[in-house]
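Enquirer: See run.txt below, with compact mmCIF, C-alpha atoms.
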```
# COMPACT_ATOMS: atom_id res chain seq x y z
CA MET A 20 17.56 18.00 8.64
CA ALA A 21 15.33 19.61 6.05
CA PHE A 22 13.32 22.03 8.26
CA SER A 23 10.40 21.48 5.93
CA MET A 24 6.86 22.66 6.45
CA ARG A 25 5.88 19.03 6.98
CA GLU A 26 7.81 19.09 10.25
CA PHE A 27 8.11 22.63 11.54
CA ARG A 28 5.26 25.04 11.18
CA ASP A 29 6.13 28.68 10.70
CA LEU A 30 4.75 29.20 14.20
CA ASP A 31 7.20 26.65 15.64
CA LEU A 32 10.15 28.58 14.25
CA MET A 33 8.67 31.89 15.35
CA LEU A 34 8.09 30.63 18.90
CA LYS A 35 11.67 29.38 18.99
CA LEU A 36 12.93 32.78 17.93
CA LYS A 37 10.73 34.46 20.53
CA GLU A 38 12.20 32.17 23.20
CA ALA A 39 15.82 32.44 22.04
CA GLY A 40 15.82 36.10 20.99
CA PRO A 41 17.67 37.34 17.91
CA ILE A 42 20.18 34.67 16.83
CA PRO A 43 22.08 33.62 13.71
CA ALA A 44 20.61 30.82 11.60
CA LYS A 45 23.37 28.42 12.62
CA GLU A 46 22.48 28.78 16.29
CA LEU A 47 18.80 28.47 15.53
CA ALA A 48 19.50 25.22 13.65
CA HIS A 49 21.33 23.92 16.71
CA GLU A 50 18.42 24.95 18.95
CA LEU A 51 16.09 22.99 16.68
CA GLY A 52 18.16 19.84 17.10
CA ALA A 53 20.30 19.86 13.95
CA ASP A 54 23.84 18.53 14.30
CA GLU A 55 25.03 20.29 11.20
CA PHE A 56 24.02 23.54 9.60
CA GLY A 57 23.20 23.29 5.92
CA SER A 58 21.42 25.73 3.66
CA HIS A 59 17.90 24.38 4.30
CA LEU A 60 17.09 26.50 7.32
CA GLY A 61 18.60 29.61 5.73
CA ARG A 62 16.33 29.19 2.71
CA ARG A 63 13.27 28.67 4.92
CA LEU A 64 14.09 31.74 6.99
CA GLY A 65 14.66 33.69 3.80
CA TRP A 66 11.15 32.90 2.59
CA MET A 67 9.67 33.76 5.99
CA ARG A 68 11.47 37.08 5.79
CA ARG A 69 10.08 37.70 2.31
CA TYR A 70 6.58 36.99 3.68
CA GLY A 71 7.11 39.54 6.46
CA MET A 72 7.29 37.18 9.45
CA LEU A 73 11.01 37.57 10.19
CA ASP A 74 13.74 40.18 10.01
CA LEU A 75 17.44 39.70 9.34
CA ASP A 76 19.94 42.16 10.80
CA GLN A 77 22.46 42.56 7.99
CA LYS A 78 25.28 43.51 10.38
CA THR A 79 24.93 40.82 13.03
CA ARG A 80 23.18 38.25 10.78
CA ASN A 81 20.73 37.71 13.59
CA TRP A 82 17.20 36.58 12.81
CA SER A 83 14.28 37.97 14.78
CA LEU A 84 10.51 38.38 14.63
CA THR A 85 9.01 41.32 12.77
CA GLU A 86 6.31 43.36 14.49
CA GLY A 87 3.71 41.48 12.47
CA GLY A 88 5.29 38.15 13.40
CA ALA A 89 5.32 39.08 17.07
CA ARG A 90 1.65 40.06 16.87
CA VAL A 91 0.82 36.59 15.56
CA ILE A 92 2.73 34.96 18.42
CA TYR A 93 1.02 37.04 21.10
CA ALA A 94 -2.39 36.52 19.47
CA ARG A 95 -1.97 32.83 20.25
CA LYS A 96 -2.64 33.56 23.89
CA ARG A 97 -6.31 34.14 23.10
CA ALA A 98 -6.86 30.42 23.15
CA ARG A 99 -10.42 30.65 24.49
CA LEU A 100 -11.45 31.27 20.91
CA MET A 101 -10.17 27.79 20.06
CA ASP A 102 -12.48 26.26 22.67
CA GLU A 103 -15.41 28.14 21.17
CA LEU A 104 -14.46 26.95 17.70
CA GLU A 105 -14.21 23.36 18.89
CA ALA A 106 -17.70 23.60 20.37
CA LEU A 107 -19.20 24.72 17.03
CA PRO A 108 -21.24 22.21 15.05
CA ALA A 109 -19.35 21.03 11.94
CA GLU A 110 -21.88 22.68 9.60
CA GLU A 111 -21.18 26.12 11.06
CA LEU A 112 -17.47 25.72 10.30
CA ILE A 113 -18.31 26.44 6.64
CA GLU A 114 -19.21 29.98 7.66
CA VAL A 115 -16.01 30.25 9.67
CA MET A 116 -14.04 29.06 6.65
CA ALA A 117 -15.78 31.66 4.47
CA ALA A 118 -14.74 34.35 6.95
CA ILE A 119 -11.17 33.06 6.93
CA THR A 120 -10.97 33.01 3.13
CA ALA A 121 -12.35 36.56 3.04
CA ARG A 122 -9.58 37.66 5.41
CA TYR A 123 -7.12 35.73 3.24
CA ARG A 124 -8.15 37.81 0.23
CA LEU A 125 -8.59 41.15 1.94
CA GLY A 126 -6.28 41.07 4.96
CA ASP A 127 -2.61 41.94 5.22
CA PRO A 128 -0.29 39.88 2.99
CA MET A 129 1.74 38.34 5.83
CA THR A 130 -1.33 36.94 7.56
CA ALA A 131 -2.65 35.72 4.20
CA VAL A 132 0.56 33.80 3.57
CA MET A 133 0.51 32.33 7.07
CA LEU A 134 -3.10 31.23 6.60
CA ARG A 135 -2.20 29.55 3.33
CA ARG A 136 0.83 27.81 4.83
CA GLU A 137 -1.21 26.66 7.86
CA PHE A 138 -3.74 25.17 5.49
CA ILE A 139 -0.96 23.32 3.65
CA PHE A 140 0.47 22.04 6.93
CA GLY A 141 -2.90 20.97 8.31
CA THR A 142 -4.19 19.19 5.20
CA ARG A 143 -1.06 17.40 4.04
CA ARG A 144 -2.37 13.94 4.97
CA MET B 26 19.02 -86.12 13.96
CA GLU B 27 19.97 -84.59 10.69
CA HIS B 28 23.36 -82.93 10.50
CA HIS B 29 24.05 -80.08 8.07
CA SER B 30 27.46 -79.81 6.68
CA ALA B 31 28.99 -76.42 5.98
CA GLU B 32 28.69 -77.01 2.25
CA ALA B 33 25.05 -77.86 2.55
CA LEU B 34 24.42 -74.66 4.52
CA GLU B 35 26.19 -72.50 1.93
CA ARG B 36 24.21 -74.14 -0.82
CA ARG B 37 20.97 -73.56 1.04
CA LEU B 38 21.81 -69.87 1.61
CA ALA B 39 22.70 -69.42 -2.05
CA GLU B 40 19.37 -70.98 -2.99
CA LEU B 41 17.58 -68.42 -0.79
CA LYS B 42 19.68 -65.48 -2.02
CA ASP B 43 19.49 -65.99 -5.75
CA PRO B 44 15.73 -65.50 -6.18
CA LEU B 45 15.89 -62.40 -3.93
CA VAL B 46 18.66 -60.90 -6.06
CA THR B 47 16.61 -61.56 -9.15
CA GLU B 48 13.55 -59.97 -7.52
CA LEU B 49 15.58 -56.89 -6.48
CA ARG B 50 16.89 -56.43 -10.04
CA THR B 51 13.37 -56.63 -11.39
CA VAL B 52 12.14 -54.00 -8.88
CA GLU B 53 15.09 -51.66 -9.61
CA SER B 54 14.53 -51.99 -13.30
CA SER B 55 10.83 -51.22 -12.81
CA ILE B 56 11.66 -48.12 -10.70
CA ALA B 57 14.07 -46.87 -13.36
CA PHE B 58 11.43 -47.35 -16.03
CA HIS B 59 8.74 -45.50 -14.05
CA GLU B 60 11.11 -42.70 -13.12
CA SER B 61 11.91 -42.09 -16.74
CA GLU B 62 8.17 -42.22 -17.56
CA LEU B 63 7.48 -39.72 -14.75
CA ALA B 64 10.19 -37.32 -16.00
CA ALA B 65 8.73 -37.49 -19.50
CA LEU B 66 5.22 -36.87 -18.18
CA ARG B 67 6.41 -33.88 -16.13
CA ALA B 68 8.17 -32.39 -19.15
CA THR B 69 4.99 -32.85 -21.20
CA ARG B 70 2.89 -31.21 -18.47
CA GLN B 71 5.30 -28.26 -18.32
CA ARG B 72 5.07 -27.74 -22.08
CA ALA B 73 1.28 -27.98 -22.01
CA LEU B 74 1.03 -25.46 -19.15
CA GLY B 75 3.36 -23.08 -21.00
CA VAL B 76 1.11 -23.12 -24.09
CA LEU B 77 -2.08 -22.88 -22.01
CA ALA B 78 -0.70 -19.90 -20.07
CA LYS B 79 -0.42 -18.03 -23.38
CA LEU B 80 -3.82 -19.14 -24.65
CA ASP B 81 -5.72 -18.57 -21.40
CA PRO B 82 -3.63 -16.47 -18.99
CA ALA B 83 -6.56 -15.88 -16.62
CA GLU B 84 -6.90 -19.58 -15.91
CA TYR B 85 -3.38 -20.90 -16.46
CA GLY B 86 -1.20 -17.78 -16.17
CA PRO B 87 1.03 -17.08 -13.19
CA ARG B 88 -1.02 -16.55 -10.05
CA PRO B 89 -0.29 -13.42 -8.00
CA LYS B 90 1.05 -14.23 -4.59
CA PRO B 91 -1.56 -13.74 -1.91
CA LYS B 92 -0.94 -10.45 -0.14
CA GLN B 93 0.25 -10.74 3.38
CA GLN B 94 -2.37 -9.59 5.80
CA THR B 95 -1.07 -6.50 7.55
CA PRO B 96 -2.78 -5.37 10.69
CA ALA B 97 -5.00 -2.33 10.18
CA LYS B 98 -3.27 0.92 11.13
CA GLN B 99 -4.41 2.17 14.48
CA THR B 100 -5.94 5.62 14.51
CA VAL B 101 -5.99 7.85 17.54
CA THR B 102 -9.45 8.74 18.83
CA ALA B 103 -10.71 12.21 19.80
CA GLU B 104 -11.10 10.96 23.37
CA GLU B 105 -7.46 9.85 23.52
CA ILE B 106 -6.29 13.22 22.16
CA SER B 107 -8.43 15.03 24.71
CA ASN B 108 -7.12 12.81 27.53
CA VAL B 109 -3.51 13.48 26.52
CA ARG B 110 -4.17 17.21 26.45
CA THR B 111 -5.81 17.15 29.87
CA TRP B 112 -2.94 15.12 31.30
CA LEU B 113 -0.30 17.46 29.85
CA GLU B 114 -2.15 20.47 31.25
CA ALA B 115 -2.25 18.88 34.69
CA ASN B 116 1.31 17.54 34.52
CA PRO B 117 3.39 20.18 32.75
CA PRO B 118 6.55 18.47 31.49
CA ASN B 119 9.97 19.69 32.53
CA GLY B 120 12.30 21.65 30.28
CA ASP B 121 13.32 18.58 28.28
CA GLY B 122 10.06 18.60 26.39
CA ILE B 123 7.60 15.91 25.44
CA TRP B 124 8.16 13.00 23.12
CA ALA B 125 6.25 9.84 22.33
CA ALA B 126 8.83 7.34 23.61
CA ARG B 127 9.06 9.03 26.99
CA LEU B 128 5.29 9.14 27.42
CA SER B 129 5.04 5.54 26.29
CA ASP B 130 7.38 4.54 29.13
CA ASP B 131 5.38 6.56 31.68
CA ARG B 132 2.99 4.12 33.35
CA GLU B 133 1.12 6.87 35.14
CA PHE B 134 0.50 8.66 31.83
CA ARG B 135 -0.74 5.52 30.12
CA GLU B 136 -3.06 4.63 32.98
CA ALA B 137 -4.45 8.15 33.30
CA THR B 138 -5.09 8.67 29.59
CA GLY B 139 -5.95 5.10 28.61
CA ILE B 140 -4.14 5.72 25.33
CA ARG B 141 -2.79 2.84 23.26
CA SER B 142 0.98 3.06 23.00
CA GLY B 143 0.85 2.79 19.19
CA VAL B 144 -1.00 6.07 18.80
CA ILE B 145 0.80 8.37 21.23
CA MET B 146 2.84 9.87 18.39
CA GLN B 147 -0.36 10.55 16.44
CA ALA B 148 -1.94 12.23 19.46
CA LEU B 149 1.07 14.52 19.85
CA ALA B 150 1.03 15.36 16.13
CA GLU B 151 -2.66 16.20 16.40
CA LEU B 152 -2.07 18.46 19.41
CA HIS B 153 0.72 20.10 17.43
CA GLU B 154 -1.72 20.84 14.61
CA GLN B 155 -4.17 22.22 17.13
CA SER B 156 -1.45 24.62 18.35
CA PHE B 157 -1.58 23.17 21.85
CA LEU B 158 1.98 21.91 21.31
CA THR B 159 4.86 23.44 19.45
CA LEU B 160 7.53 21.31 17.78
CA ASP B 161 10.50 22.43 19.86
CA ARG B 162 13.25 20.40 18.22
CA MET B 163 14.11 17.13 16.54
CA GLY B 164 15.88 14.52 18.61
CA ARG B 165 18.52 12.10 17.48
CA GLY B 166 16.99 9.57 15.12
CA GLY B 167 14.31 12.02 14.03
CA SER B 168 12.02 11.85 17.07
CA LYS B 169 9.88 14.94 17.47
CA ILE B 170 10.17 16.78 20.77
CA TYR B 171 7.31 19.07 21.65
CA LYS B 172 6.57 21.72 24.24
CA VAL B 173 3.26 23.02 25.49
CA VAL B 174 2.64 26.46 24.02
CA ALA B 175 2.81 28.97 26.85
```
Using C-alpha cells, write down the structure that the file contains.
Expert:
Amino acid sequence: MAFSMREFRDLDLMLKLKEAGPIPAKELAHELGADEFGSHLGRRLGWMRRYGMLDLDQKTRNWSLTEGGARVIYARKRARLMDELEALPAEELIEVMAAITARYRLGDPMTAVMLRREFIFGTRR
Amino acid sequence: MEHHSAEALERRLAELKDPLVTELRTVESSIAFHESELAALRATRQRALGVLAKLDPAEYGPRPKPKQQTPAKQTVTAEEISNVRTWLEANPPNGDGIWAARLSDDREFREATGIRSGVIMQALAELHEQSFLTLDRMGRGGSKIYKVVA
C-alpha cells in the first residue's frame, strides 16, 4: 500500500491519529488496513512532520498530532460553514478562492501547505 | 416376353457407365483448370493491392479496425450524492465503516437513495472530498472503507 495523497488525505491520517492516539508508524499502517509495513507511510509521515502537522516522539517513536494539526481537526466541527459555502452562487466562489489564496500567501506555513495539498487532492481528476 | 441374360445386363450397365465416367473426367479436369486460374487471379490481385497500398494508402492501405463501442461511463449526479449523504446521516453505519460493495447489497439503501449501483463508489469518493467522510482504511483487494466524520 502506497499511502499516497491520491488515496489518503492528510486529514484522513490526522483523524486516524486523533482516534488512535500516539502510535508507532507500523501500528498506524495496520490501522489503515496495510498487511505489511513498508517505508511508504514513514516517508509520508515524515513530510507531514516537516510541514508541522505531526510530531514524532524520538524515544517512543510514537506519532501524534501537533497543536496546529489538532486545531485543524477540531476546526472541522464548524461544518455549518460548508453548508453556507454550498449555498453560494458559483460566481461568488471566485471571491472565496481569492480569500483562500490570500490566506495561503499570508497565513501560517502549515495551513498553507495543507491548503495546497487539499487543492492537489481535490483537482487530481 | 423378352428375357435378359446376365451378359446382356452387364453390357447394358457398362454402356450406361462409360459415358458418365467420361463426363466426370471432363468436369474434374474443368474444375482443376478453373482452380488453377482462380489461384493465379488471386495472386495477381494480391500483388496489385500491395502496389496500390503504397501508391494510395488512404484508399488501399490497411483499414483500422472499427473501435468497439464501449458504454459511456456513468457519472454520479448531485442529487444522488445528496441522497447518499442524507441516508448516511439518518442511518449511521456501525463501527465497520462504509464501503461501496456493502451499500450496493443493501436494498433499503438503494431504494431510499435511488442511486445506480455503478456510481456508489463515485458518490462515496465525492463525499470524501467534501470532508463528510474520512477514508478510514483500505480493505483487502483495495476497497476503500470510509467513516462519517464525527
Enquirer: Could you please tell me, as an MDAnalysis selection string, which residues of chain A have an atom within 12 Å of chain B when using all atoms listed in the file?
Expert: chainID A and resid 20:22 24:39 47:54 92:99 101:102 104:105 137:144
Enquirer: How many Å lie between CA of Gln94 (chain B) and CA of Asp130 (chain B), rounded to one decimal?
Expert: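 One can read the CA of Gln94 (chain B) to CA of Asp130 (chain B) distance as 29.0 Å.
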Enquirer: Taking (17.7, 38.0, 14.5) in the coordinates of the supplied file, I want to know which residues reach to within 12 Å of it, counting all atoms listed in the file; could you give the answer as a ChimeraX atom specification?
Expert: /A:33,35-47,64-65,68,72-85
Enquirer: For a test of reading the model, state the distance in Å between CA of Arg70 (chain B) and CA of Lys92 (chain B), rounded to one decimal.
Expert: 28.0 Å
Enquirer: If we count all atoms listed in the file, what is near Arg122 (chain A) at a cut-off of 12 Å, once residues fewer than 5 positions away on the same chain are taken out, given as a PyMOL selection string?
Expert: chain A and resi 115-117+127-135
Enquirer: So how far away is CA of Val91 (chain A) from CA of Leu125 (chain A), in Å?
Expert: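 So the answer is 17.2 Å.
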